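**Q** Dropping in start26.pdb, with PDB, C-alpha atoms.
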```pdb
ATOM      1  CA  MET A1131       0.000   0.000   0.000
ATOM      2  CA  ASP A1132       3.017   2.268   0.297
ATOM      3  CA  MET A1133       2.988   4.891  -2.414
ATOM      4  CA  THR A1134       6.244   6.366  -1.180
ATOM      5  CA  HIS A1135       9.795   5.212  -0.782
ATOM      6  CA  LEU A1136      12.710   6.182   1.406
ATOM      7  CA  ARG A1137      15.881   7.504  -0.125
ATOM      8  CA  PHE A1138      19.085   8.737   1.417
ATOM      9  CA  VAL A1139      20.168  12.260   0.533
ATOM     10  CA  SER A1140      23.818  13.121  -0.123
ATOM     11  CA  ARG A1141      25.765  15.592   2.001
ATOM     12  CA  GLU A1142      25.690  18.221  -0.755
ATOM     13  CA  ALA A1143      21.963  17.816  -1.354
ATOM     14  CA  SER A1144      21.310  17.876   2.403
ATOM     15  CA  LEU A1145      23.195  21.168   2.780
ATOM     16  CA  THR A1146      21.147  22.563  -0.108
ATOM     17  CA  LEU A1147      17.929  21.513   1.671
ATOM     18  CA  LEU A1148      19.152  23.259   4.826
ATOM     19  CA  ARG A1149      19.400  26.512   2.874
ATOM     20  CA  THR A1150      15.707  26.339   1.904
ATOM     21  CA  THR A1151      14.318  27.067   5.380
ATOM     22  CA  THR A1152      15.182  29.245   8.375
ATOM     23  CA  VAL A1153      13.722  27.357  11.352
ATOM     24  CA  GLY A1154      15.313  24.184  12.710
ATOM     25  CA  ARG A1155      15.898  22.427  15.996
ATOM     26  CA  VAL A1156      19.002  22.287  18.098
ATOM     27  CA  ALA A1157      19.589  19.142  20.148
ATOM     28  CA  VAL A1158      21.939  19.056  23.104
ATOM     29  CA  THR A1159      22.540  16.504  25.818
ATOM     30  CA  VAL A1160      22.507  17.823  29.371
ATOM     31  CA  ASP A1161      23.375  15.378  32.141
ATOM     32  CA  GLY A1162      22.705  12.537  29.725
ATOM     33  CA  VAL A1163      19.222  13.772  28.870
ATOM     34  CA  PRO A1164      18.598  14.995  25.315
ATOM     35  CA  HIS A1165      16.896  18.340  24.850
ATOM     36  CA  VAL A1166      15.480  19.814  21.640
ATOM     37  CA  VAL A1167      14.711  23.496  21.042
ATOM     38  CA  PRO A1168      13.588  25.282  17.854
ATOM     39  CA  VAL A1169      15.765  28.135  16.587
ATOM     40  CA  ASN A1170      16.006  30.561  13.707
ATOM     41  CA  TYR A1171      19.162  29.716  11.785
ATOM     42  CA  ARG A1172      21.279  30.483   8.768
ATOM     43  CA  VAL A1173      23.768  28.356   6.850
ATOM     44  CA  LEU A1174      27.268  29.853   6.610
ATOM     45  CA  GLY A1175      29.479  27.768   4.361
ATOM     46  CA  GLU A1176      29.247  24.317   5.888
ATOM     47  CA  SER A1177      28.088  25.458   9.291
ATOM     48  CA  ILE A1178      24.853  26.375  11.039
ATOM     49  CA  VAL A1179      24.641  29.642  12.971
ATOM     50  CA  PHE A1180      21.944  30.710  15.418
ATOM     51  CA  ARG A1181      21.536  33.130  18.311
ATOM     52  CA  SER A1182      21.229  31.917  21.857
ATOM     53  CA  GLY A1183      20.775  33.408  25.296
ATOM     54  CA  THR A1184      22.088  31.847  28.487
ATOM     55  CA  GLY A1185      20.964  28.237  28.713
ATOM     56  CA  THR A1186      21.624  24.691  27.604
ATOM     57  CA  LYS A1187      22.489  25.568  23.991
ATOM     58  CA  LEU A1188      24.964  28.259  24.936
ATOM     59  CA  GLY A1189      26.396  26.100  27.721
ATOM     60  CA  THR A1190      27.044  23.319  25.240
ATOM     61  CA  ALA A1191      28.753  25.730  22.828
ATOM     62  CA  VAL A1192      30.923  27.279  25.560
ATOM     63  CA  LEU A1193      32.109  23.814  26.559
ATOM     64  CA  GLY A1194      32.621  22.810  22.915
ATOM     65  CA  ARG A1195      30.465  19.738  23.399
ATOM     66  CA  PRO A1196      28.734  17.872  20.555
ATOM     67  CA  MET A1197      25.524  19.355  19.284
ATOM     68  CA  SER A1198      23.046  18.315  16.631
ATOM     69  CA  PHE A1199      20.710  20.279  14.451
ATOM     70  CA  GLN A1200      17.666  18.994  12.619
ATOM     71  CA  VAL A1201      15.332  20.334   9.955
ATOM     72  CA  ASP A1202      12.432  18.575   8.317
ATOM     73  CA  ARG A1203       9.585  19.271   5.980
ATOM     74  CA  VAL A1204       6.657  16.883   6.022
ATOM     75  CA  ASP A1205       3.621  17.009   3.762
ATOM     76  CA  GLU A1206       0.837  15.317   5.711
ATOM     77  CA  ALA A1207      -1.400  15.060   2.674
ATOM     78  CA  THR A1208       1.007  13.113   0.470
ATOM     79  CA  GLY A1209       3.106  11.496   3.184
ATOM     80  CA  THR A1210       6.248  12.838   1.529
ATOM     81  CA  GLY A1211       8.985  14.935   3.039
ATOM     82  CA  TRP A1212      12.591  15.123   4.076
ATOM     83  CA  SER A1213      14.683  15.341   7.191
ATOM     84  CA  VAL A1214      18.288  16.472   7.587
ATOM     85  CA  LEU A1215      20.402  15.944  10.690
ATOM     86  CA  VAL A1216      23.702  17.740  11.270
ATOM     87  CA  SER A1217      26.064  16.845  14.099
ATOM     88  CA  GLY A1218      29.332  18.391  15.113
ATOM     89  CA  THR A1219      31.111  20.555  17.588
ATOM     90  CA  SER A1220      29.787  23.968  18.471
ATOM     91  CA  ARG A1221      31.381  27.172  19.661
ATOM     92  CA  VAL A1222      30.506  30.715  20.538
ATOM     93  CA  VAL A1223      31.406  32.988  17.643
ATOM     94  CA  ASP A1224      33.781  35.810  18.507
ATOM     95  CA  ASP A1225      35.522  36.626  15.250
ATOM     96  CA  GLU A1226      34.420  39.843  13.561
ATOM     97  CA  GLU A1227      34.179  38.361  10.088
ATOM     98  CA  THR A1228      31.639  35.691  11.041
ATOM     99  CA  LEU A1229      29.696  38.093  13.248
ATOM    100  CA  ALA A1230      29.499  40.530  10.327
ATOM    101  CA  ALA A1231      28.225  37.753   8.031
ATOM    102  CA  VAL A1232      25.578  36.842  10.612
ATOM    103  CA  GLU A1233      24.549  40.488  10.881
ATOM    104  CA  VAL A1234      24.076  40.696   7.113
ATOM    105  CA  SER A1235      21.980  37.530   7.128
ATOM    106  CA  ASP A1236      19.348  39.208   9.331
ATOM    107  CA  LEU A1237      19.444  36.317  11.816
ATOM    108  CA  ARG A1238      17.193  36.886  14.798
ATOM    109  CA  CYS A1239      16.554  35.054  18.003
ATOM    110  CA  PHE A1240      13.164  33.662  18.981
ATOM    111  CA  ASP A1241      13.575  34.937  22.479
ATOM    112  CA  PRO A1242      13.413  38.733  22.197
ATOM    113  CA  SER A1243      14.716  39.354  25.714
ATOM    114  CA  GLY A1244      18.244  39.659  26.950
ATOM    115  CA  LYS A1245      21.574  39.461  25.202
ATOM    116  CA  HIS A1246      22.336  36.742  22.711
ATOM    117  CA  ALA A1247      25.541  35.179  21.584
ATOM    118  CA  VAL A1248      26.001  33.677  18.137
ATOM    119  CA  VAL A1249      26.622  29.932  18.155
ATOM    120  CA  GLN A1250      28.228  28.135  15.229
ATOM    121  CA  LEU A1251      27.879  24.408  14.623
ATOM    122  CA  ASP A1252      30.259  22.914  12.081
ATOM    123  CA  ALA A1253      28.524  20.365   9.892
ATOM    124  CA  LEU A1254      30.868  17.488  10.633
ATOM    125  CA  LEU A1255      28.289  14.759  10.087
ATOM    126  CA  VAL A1256      25.373  15.364   7.742
ATOM    127  CA  SER A1257      22.672  12.805   7.079
ATOM    128  CA  GLY A1258      19.554  13.322   5.040
ATOM    129  CA  ARG A1259      16.558  11.185   4.287
ATOM    130  CA  GLU A1260      13.774  11.823   1.863
ATOM    131  CA  ILE A1261      10.423  10.164   1.480
ATOM    132  CA  ALA A1262       9.487  10.617  -2.141
ATOM    133  CA  ALA A1263       6.397   9.626  -4.059
ATOM    134  CA  SER A1264       6.906   6.350  -5.902
TER     135      SER A1264
ATOM    136  CA  MET B1313      14.872  45.370  16.527
ATOM    137  CA  SER B1314      12.808  42.558  17.911
ATOM    138  CA  VAL B1315       9.070  42.242  18.076
ATOM    139  CA  GLY B1316       7.377  39.775  20.329
ATOM    140  CA  ARG B1317       7.769  38.047  23.610
ATOM    141  CA  LEU B1318       8.301  34.510  24.780
ATOM    142  CA  ASP B1319       5.701  33.119  27.179
ATOM    143  CA  GLU B1320       5.913  29.919  29.182
ATOM    144  CA  LEU B1321       2.981  27.564  28.593
ATOM    145  CA  ASP B1322       1.347  25.635  31.417
ATOM    146  CA  ARG B1323       1.134  21.844  31.377
ATOM    147  CA  ASP B1324      -2.504  21.694  30.248
ATOM    148  CA  GLU B1325      -1.837  23.953  27.283
ATOM    149  CA  CYS B1326       1.244  21.913  26.379
ATOM    150  CA  LEU B1327      -0.760  18.684  26.453
ATOM    151  CA  ARG B1328      -3.489  20.249  24.321
ATOM    152  CA  LEU B1329      -0.951  21.319  21.708
ATOM    153  CA  LEU B1330       0.742  17.922  21.880
ATOM    154  CA  GLN B1331      -2.527  16.147  21.125
ATOM    155  CA  ALA B1332      -3.327  18.415  18.192
ATOM    156  CA  GLN B1333      -0.258  17.505  16.113
ATOM    157  CA  GLU B1334       0.616  14.412  14.087
ATOM    158  CA  VAL B1335       4.343  14.774  13.472
ATOM    159  CA  GLY B1336       6.874  15.309  16.236
ATOM    160  CA  ARG B1337      10.556  14.676  16.822
ATOM    161  CA  VAL B1338      12.227  12.226  19.139
ATOM    162  CA  GLY B1339      15.453  13.463  20.711
ATOM    163  CA  LEU B1340      17.795  10.785  21.988
ATOM    164  CA  SER B1341      21.451  10.126  22.594
ATOM    165  CA  ILE B1342      23.268   7.714  20.310
ATOM    166  CA  ASP B1343      26.894   7.130  21.269
ATOM    167  CA  ALA B1344      26.772  10.320  23.365
ATOM    168  CA  LEU B1345      25.655  12.344  20.349
ATOM    169  CA  PRO B1346      22.240  14.008  20.497
ATOM    170  CA  VAL B1347      20.044  12.935  17.587
ATOM    171  CA  VAL B1348      16.643  14.185  16.412
ATOM    172  CA  LEU B1349      14.338  12.031  14.294
ATOM    173  CA  PRO B1350      10.840  12.903  13.043
ATOM    174  CA  VAL B1351       7.978  10.475  13.676
ATOM    175  CA  HIS B1352       4.237  10.254  13.242
ATOM    176  CA  TYR B1353       2.705   9.875  16.676
ATOM    177  CA  VAL B1354      -0.458   9.725  18.731
ATOM    178  CA  VAL B1355      -1.052  10.490  22.379
ATOM    179  CA  SER B1356      -2.869   7.708  24.196
ATOM    180  CA  ARG B1357      -3.393   7.200  27.909
ATOM    181  CA  GLY B1358      -0.743   9.691  28.863
ATOM    182  CA  ARG B1359       1.918   8.314  26.549
ATOM    183  CA  ILE B1360       3.352   9.316  23.195
ATOM    184  CA  LEU B1361       3.243   6.349  20.808
ATOM    185  CA  PHE B1362       5.039   5.900  17.498
ATOM    186  CA  ARG B1363       6.082   3.095  15.190
ATOM    187  CA  THR B1364       9.658   2.315  14.368
ATOM    188  CA  GLY B1365      11.919  -0.329  12.888
ATOM    189  CA  GLU B1366      15.295  -1.577  14.030
ATOM    190  CA  GLY B1367      17.533   1.356  14.864
ATOM    191  CA  GLY B1368      18.393   4.044  17.361
ATOM    192  CA  LYS B1369      14.856   4.746  18.516
ATOM    193  CA  LEU B1370      14.134   1.087  19.206
ATOM    194  CA  ARG B1371      17.463   0.603  20.962
ATOM    195  CA  ALA B1372      16.672   3.577  23.198
ATOM    196  CA  ALA B1373      13.326   1.983  24.049
ATOM    197  CA  LEU B1374      14.867  -1.398  24.776
ATOM    198  CA  ARG B1375      17.214   0.131  27.330
ATOM    199  CA  ASN B1376      14.411   2.307  28.760
ATOM    200  CA  ALA B1377      16.394   5.440  27.973
ATOM    201  CA  VAL B1378      15.264   8.891  28.988
ATOM    202  CA  VAL B1379      14.423  10.682  25.753
ATOM    203  CA  CYS B1380      12.719  13.888  24.777
ATOM    204  CA  PHE B1381       9.922  14.525  22.344
ATOM    205  CA  GLU B1382       9.411  17.866  20.662
ATOM    206  CA  VAL B1383       6.571  19.363  18.646
ATOM    207  CA  ASP B1384       6.420  22.879  17.315
ATOM    208  CA  GLU B1385       4.718  25.150  14.874
ATOM    209  CA  VAL B1386       6.736  28.185  13.893
ATOM    210  CA  ASP B1387       5.990  30.843  11.314
ATOM    211  CA  ALA B1388       9.360  32.490  10.750
ATOM    212  CA  ALA B1389       7.943  35.258   8.585
ATOM    213  CA  ARG B1390       5.337  36.312  11.143
ATOM    214  CA  ARG B1391       7.620  35.515  14.076
ATOM    215  CA  GLU B1392       4.884  33.544  15.781
ATOM    216  CA  GLY B1393       4.835  30.021  17.045
ATOM    217  CA  TRP B1394       5.178  27.629  19.909
ATOM    218  CA  SER B1395       7.117  24.570  20.944
ATOM    219  CA  VAL B1396       6.491  21.855  23.489
ATOM    220  CA  VAL B1397       9.119  19.488  24.862
ATOM    221  CA  VAL B1398       8.288  16.331  26.788
ATOM    222  CA  THR B1399      10.910  14.350  28.667
ATOM    223  CA  GLY B1400      10.163  10.786  29.624
ATOM    224  CA  THR B1401      11.205   7.172  29.509
ATOM    225  CA  ALA B1402      11.005   5.216  26.266
ATOM    226  CA  ARG B1403       9.921   1.604  26.224
ATOM    227  CA  GLU B1404       8.740  -0.836  23.635
ATOM    228  CA  LEU B1405       5.099  -1.856  23.804
ATOM    229  CA  GLY B1406       4.463  -5.545  23.367
ATOM    230  CA  GLY B1407       1.654  -8.045  23.729
ATOM    231  CA  ALA B1408      -1.725  -6.635  24.689
ATOM    232  CA  SER B1409      -0.410  -3.075  24.655
ATOM    233  CA  ALA B1410       0.733  -3.460  21.067
ATOM    234  CA  ALA B1411      -2.695  -4.789  20.116
ATOM    235  CA  GLU B1412      -4.295  -1.692  21.639
ATOM    236  CA  VAL B1413      -2.265   0.400  19.218
ATOM    237  CA  GLU B1414      -3.874  -1.269  16.213
ATOM    238  CA  SER B1415      -7.045   0.711  16.868
ATOM    239  CA  LEU B1416      -5.192   4.027  16.900
ATOM    240  CA  PRO B1417      -4.535   6.212  13.832
ATOM    241  CA  LEU B1418      -0.807   5.607  13.972
ATOM    242  CA  GLU B1419       1.005   5.597  10.650
ATOM    243  CA  PRO B1420       4.758   5.158  10.335
ATOM    244  CA  TRP B1421       6.349   8.238   8.796
ATOM    245  CA  MET B1422       8.944   6.191   6.998
ATOM    246  CA  PRO B1423       7.659   3.647   4.498
ATOM    247  CA  ALA B1424       8.269   0.170   5.902
ATOM    248  CA  ALA B1425       9.176   1.747   9.230
ATOM    249  CA  GLY B1426       8.668  -1.519  11.039
ATOM    250  CA  ASP B1427       6.321  -3.159  13.444
ATOM    251  CA  HIS B1428       7.698  -2.005  16.754
ATOM    252  CA  VAL B1429       5.685   0.420  18.832
ATOM    253  CA  VAL B1430       7.521   2.690  21.235
ATOM    254  CA  ALA B1431       5.874   4.593  24.086
ATOM    255  CA  ILE B1432       7.338   7.670  25.759
ATOM    256  CA  SER B1433       5.909   8.508  29.164
ATOM    257  CA  VAL B1434       4.821  12.125  29.472
ATOM    258  CA  ASP B1435       6.768  12.989  32.618
ATOM    259  CA  LEU B1436       8.266  16.464  32.316
ATOM    260  CA  VAL B1437       6.461  18.930  30.072
ATOM    261  CA  SER B1438       7.533  22.408  29.095
ATOM    262  CA  GLY B1439       6.365  24.763  26.405
ATOM    263  CA  ARG B1440       6.931  28.228  25.094
ATOM    264  CA  ARG B1441       4.956  30.489  22.827
ATOM    265  CA  LEU B1442       6.362  33.357  20.825
ATOM    266  CA  ALA B1443       3.689  36.008  20.595
ATOM    267  CA  ARG B1444       3.759  39.257  18.689
ATOM    268  CA  ARG B1445       3.355  42.479  20.513
ATOM    269  CA  PRO B1446       2.468  45.775  18.924
ATOM    270  CA  GLU B1447       5.420  47.839  20.155
ATOM    271  CA  ALA B1448       8.987  46.687  19.909
ATOM    272  CA  ALA B1449      10.962  47.099  23.107
ATOM    273  CA  CYS B1450      14.346  47.183  21.435
TER     274      CYS B1450
END
```
How would this structure read if it were set down as structure tokens?

**A**
Amino acid sequence: MDMTHLRFVSREASLTLLRTTTVGRVAVTVDGVPHVVPVNYRVLGESIVFRSGTGTKLGTAVLGRPMSFQVDRVDEATGTGWSVLVSGTSRVVDDEETLAAVEVSDLRCFDPSGKHAVVQLDALLVSGREIAAS
Amino acid sequence: MSVGRLDELDRDECLRLLQAQEVGRVGLSIDALPVVLPVHYVVSRGRILFRTGEGGKLRAALRNAVVCFEVDEVDAARREGWSVVVTGTARELGGASAAEVESLPLEPWMPAAGDHVVAISVDLVSGRRLARRPEAAC
């Protein structure tokens, strides 16, 4: 009865998919427990950048711990869609060049209050899956 | 300039939003790396249920791992939306519990996703809503 099939998406194609939207989800592990939070993001080269206030995301970046980032697009009506997962190490951005590029990209934070740092996640591992119509 | 504010949602509102969606994301740790995977799900008797095949999600369930489950609806252009995160224990449903699932509208997101049913207990619940406000504060 399946009218769809699963197909793996290459790294290049996955990075292209990431550039088609601006809202994704950051996943961090705190004390062994995974936590997922939506963020506005931009793709800079082969990295993901987003703004973050004090909290689990920023804490993970400060410590340089592994972080993942996920974006998907699902069409309920047709049962088709795609999902891309990026994993790598994260850091707080402090170099002027990257900060200037982020400024130009009009990246904003969901949380309008307080000060926000820019976090950069290098796309070390990229995996993409697509459910396409058969 | 930012427009809007972030409000915490109470548990009842979170559960209402959780029950109104069909696709959510399971967050789990695989080899110490956080991973997020989309699934079709239903909420039944205080648990989040989804189908899965052999893989990370099933392995998490078999070791009764603490996982999180996230649903959201965000309109980036309008800067409106909400997200709900549930943290709970994953376990595989078998026997009579698995039979109960047959009567629920639970489709696997992936074609041939497999016959295993995983339940996440709704233990910790948190949610936030980004609402517009007429005047920007900064």

**Q** Identify which of the residues A:Leu1229, A:Leu1193, A:Leu1255, A:Val1222 lies closest to chain B, counting all atoms listed in the file when measuring atom-to-atom distances.

**A**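 Once distances to chain B are computed over all atoms listed in the file, the minimum belongs to A:Leu1255.
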
**Q** Could you jot down the atom CA of Asp1319 of chain B to atom CA of Val1248 of chain A separation for me, Å, one decimal place?

**A**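 Answer for the atom CA of Asp1319 of chain B to atom CA of Val1248 of chain A separation: 22.2 Å.
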
**Q** I need the contact residues of chain B against chain A, so if you could list those with any atom within 8 Å, counting all atoms listed in the file, and return them as an NGL selection string, that would help.

**A** :B and (1314-1318 or 1339-1341 or 1344-1350 or 1378-1382 or 1384 or 1386 or 1388 or 1391 or 1395 or 1397 or 1421-1424 or 1442)

**Q** Could you state the separation of atom CA of Arg1137 of chain A and atom CA of Arg1371 of chain B in Å, given to one decimal place?

**A** 22.2 Å

**Q** What does the structure give for the distance between atom CA of Val1139 of chain A and atom CA of Ser1257 of chain A, in Å to one decimal?

**A**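 Computing the Euclidean distance for atom CA of Val1139 of chain A and atom CA of Ser1257 of chain A yields 7.0 Å.
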
**Q** Applied to this file, what does the PyMOL selection byres ((chain B and resi 1405) around 7) return in terms of residues, put as a list of chain:residue names?

**A** B:Arg1403, B:Glu1404, B:Gly1406, B:Ser1409, B:Ala1410, B:Val1429, B:Val1430, B:Ala1431

**Q** Might you spell out which residues the PyMOL selection byres ((chain B and resi 1324-1335) around 8) would select in the displayed file, as a PyMOL selection string?

**A** chain B and resi 1321-1323+1336-1337+1350-1355+1383+1396+1437-1439

**Q** Name all residues at most 7 Å from Leu1436 of chain B (count all atoms listed in the file; drop same-chain ones fewer than 2 positions away) and give them as a list in words.

**A**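 The contact residues come out as Val1398, Thr1399, Gly1400, Val1434 and Ser1438 of chain B.
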
**Q** Evaluating the PyMOL selection byres ((chain A and resi 1180) around 7) on the displayed file yields which residues, as a list of chain:residue names?

**A**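 In the shown coordinates, the PyMOL selection byres ((chain A and resi 1180) around 7) covers A:Val1169, A:Asn1170, A:Tyr1171, A:Arg1172, A:Ile1178, A:Val1179, A:Arg1181, A:Ser1182, A:Val1248, A:Val1249, A:Gln1250.
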
**Q** Can you give me all heavy atoms for segment 1211-1221 of chain A, written as a tab-separated table (two decimals), in the coordinates of the input?

**A**
```tsv
chain	number	residue	atom	x	y	z
A	1211	GLY	N	8.26	13.94	2.28
A	1211	GLY	CA	8.98	14.94	3.04
A	1211	GLY	C	10.46	14.59	3.12
A	1211	GLY	O	10.93	13.65	2.49
A	1212	TRP	N	11.17	15.39	3.89
A	1212	TRP	CA	12.59	15.12	4.08
A	1212	TRP	C	13.01	15.55	5.47
A	1212	TRP	O	12.32	16.33	6.14
A	1212	TRP	CB	13.44	15.84	3.01
A	1212	TRP	CG	13.19	17.32	2.90
A	1212	TRP	CD1	12.33	17.93	2.02
A	1212	TRP	CD2	13.79	18.36	3.67
A	1212	TRP	NE1	12.35	19.29	2.21
A	1212	TRP	CE2	13.25	19.59	3.20
A	1212	TRP	CE3	14.73	18.40	4.70
A	1212	TRP	CZ2	13.63	20.82	3.75
A	1212	TRP	CZ3	15.10	19.62	5.24
A	1212	TRP	CH2	14.55	20.82	4.75
A	1213	SER	N	14.14	15.03	5.87
A	1213	SER	CA	14.68	15.34	7.19
A	1213	SER	C	16.21	15.35	7.08
A	1213	SER	O	16.79	14.46	6.48
A	1213	SER	CB	14.22	14.26	8.17
A	1213	SER	OG	14.92	14.36	9.39
A	1214	VAL	N	16.82	16.38	7.61
A	1214	VAL	CA	18.29	16.47	7.59
A	1214	VAL	C	18.79	16.64	9.02
A	1214	VAL	O	18.24	17.44	9.79
A	1214	VAL	CB	18.77	17.66	6.72
A	1214	VAL	CG1	20.27	17.87	6.88
A	1214	VAL	CG2	18.43	17.42	5.24
A	1215	LEU	N	19.81	15.88	9.36
A	1215	LEU	CA	20.40	15.94	10.69
A	1215	LEU	C	21.88	16.28	10.56
A	1215	LEU	O	22.60	15.65	9.79
A	1215	LEU	CB	20.23	14.59	11.39
A	1215	LEU	CG	20.77	14.48	12.81
A	1215	LEU	CD1	19.94	15.32	13.77
A	1215	LEU	CD2	20.75	13.03	13.27
A	1216	VAL	N	22.30	17.30	11.28
A	1216	VAL	CA	23.70	17.74	11.27
A	1216	VAL	C	24.26	17.56	12.67
A	1216	VAL	O	23.61	17.94	13.65
A	1216	VAL	CB	23.79	19.24	10.89
A	1216	VAL	CG1	25.21	19.75	11.06
A	1216	VAL	CG2	23.31	19.45	9.47
A	1217	SER	N	25.42	16.97	12.79
A	1217	SER	CA	26.06	16.84	14.10
A	1217	SER	C	27.49	17.35	14.02
A	1217	SER	O	28.15	17.19	12.98
A	1217	SER	CB	26.08	15.39	14.57
A	1217	SER	OG	24.78	14.91	14.71
A	1218	GLY	N	27.96	17.92	15.10
A	1218	GLY	CA	29.33	18.39	15.11
A	1218	GLY	C	29.64	19.10	16.41
A	1218	GLY	O	28.90	19.00	17.39
A	1219	THR	N	30.75	19.80	16.40
A	1219	THR	CA	31.11	20.56	17.59
A	1219	THR	C	30.65	21.99	17.42
A	1219	THR	O	30.61	22.53	16.31
A	1219	THR	CB	32.63	20.52	17.83
A	1219	THR	OG1	33.28	20.84	16.60
A	1219	THR	CG2	33.08	19.16	18.28
A	1220	SER	N	30.32	22.61	18.52
A	1220	SER	CA	29.79	23.97	18.47
A	1220	SER	C	30.69	24.91	19.24
A	1220	SER	O	31.48	24.48	20.08
A	1220	SER	CB	28.39	23.97	19.09
A	1220	SER	OG	28.46	23.46	20.41
A	1221	ARG	N	30.60	26.18	18.92
A	1221	ARG	CA	31.38	27.17	19.66
A	1221	ARG	C	30.66	28.51	19.60
A	1221	ARG	O	29.79	28.73	18.76
A	1221	ARG	CB	32.78	27.30	19.07
A	1221	ARG	CG	32.75	27.79	17.64
A	1221	ARG	CD	34.16	27.96	17.07
A	1221	ARG	NE	34.04	28.21	15.64
A	1221	ARG	CZ	33.87	27.27	14.73
A	1221	ARG	NH1	33.79	26.02	15.10
A	1221	ARG	NH2	33.74	27.57	13.47
```
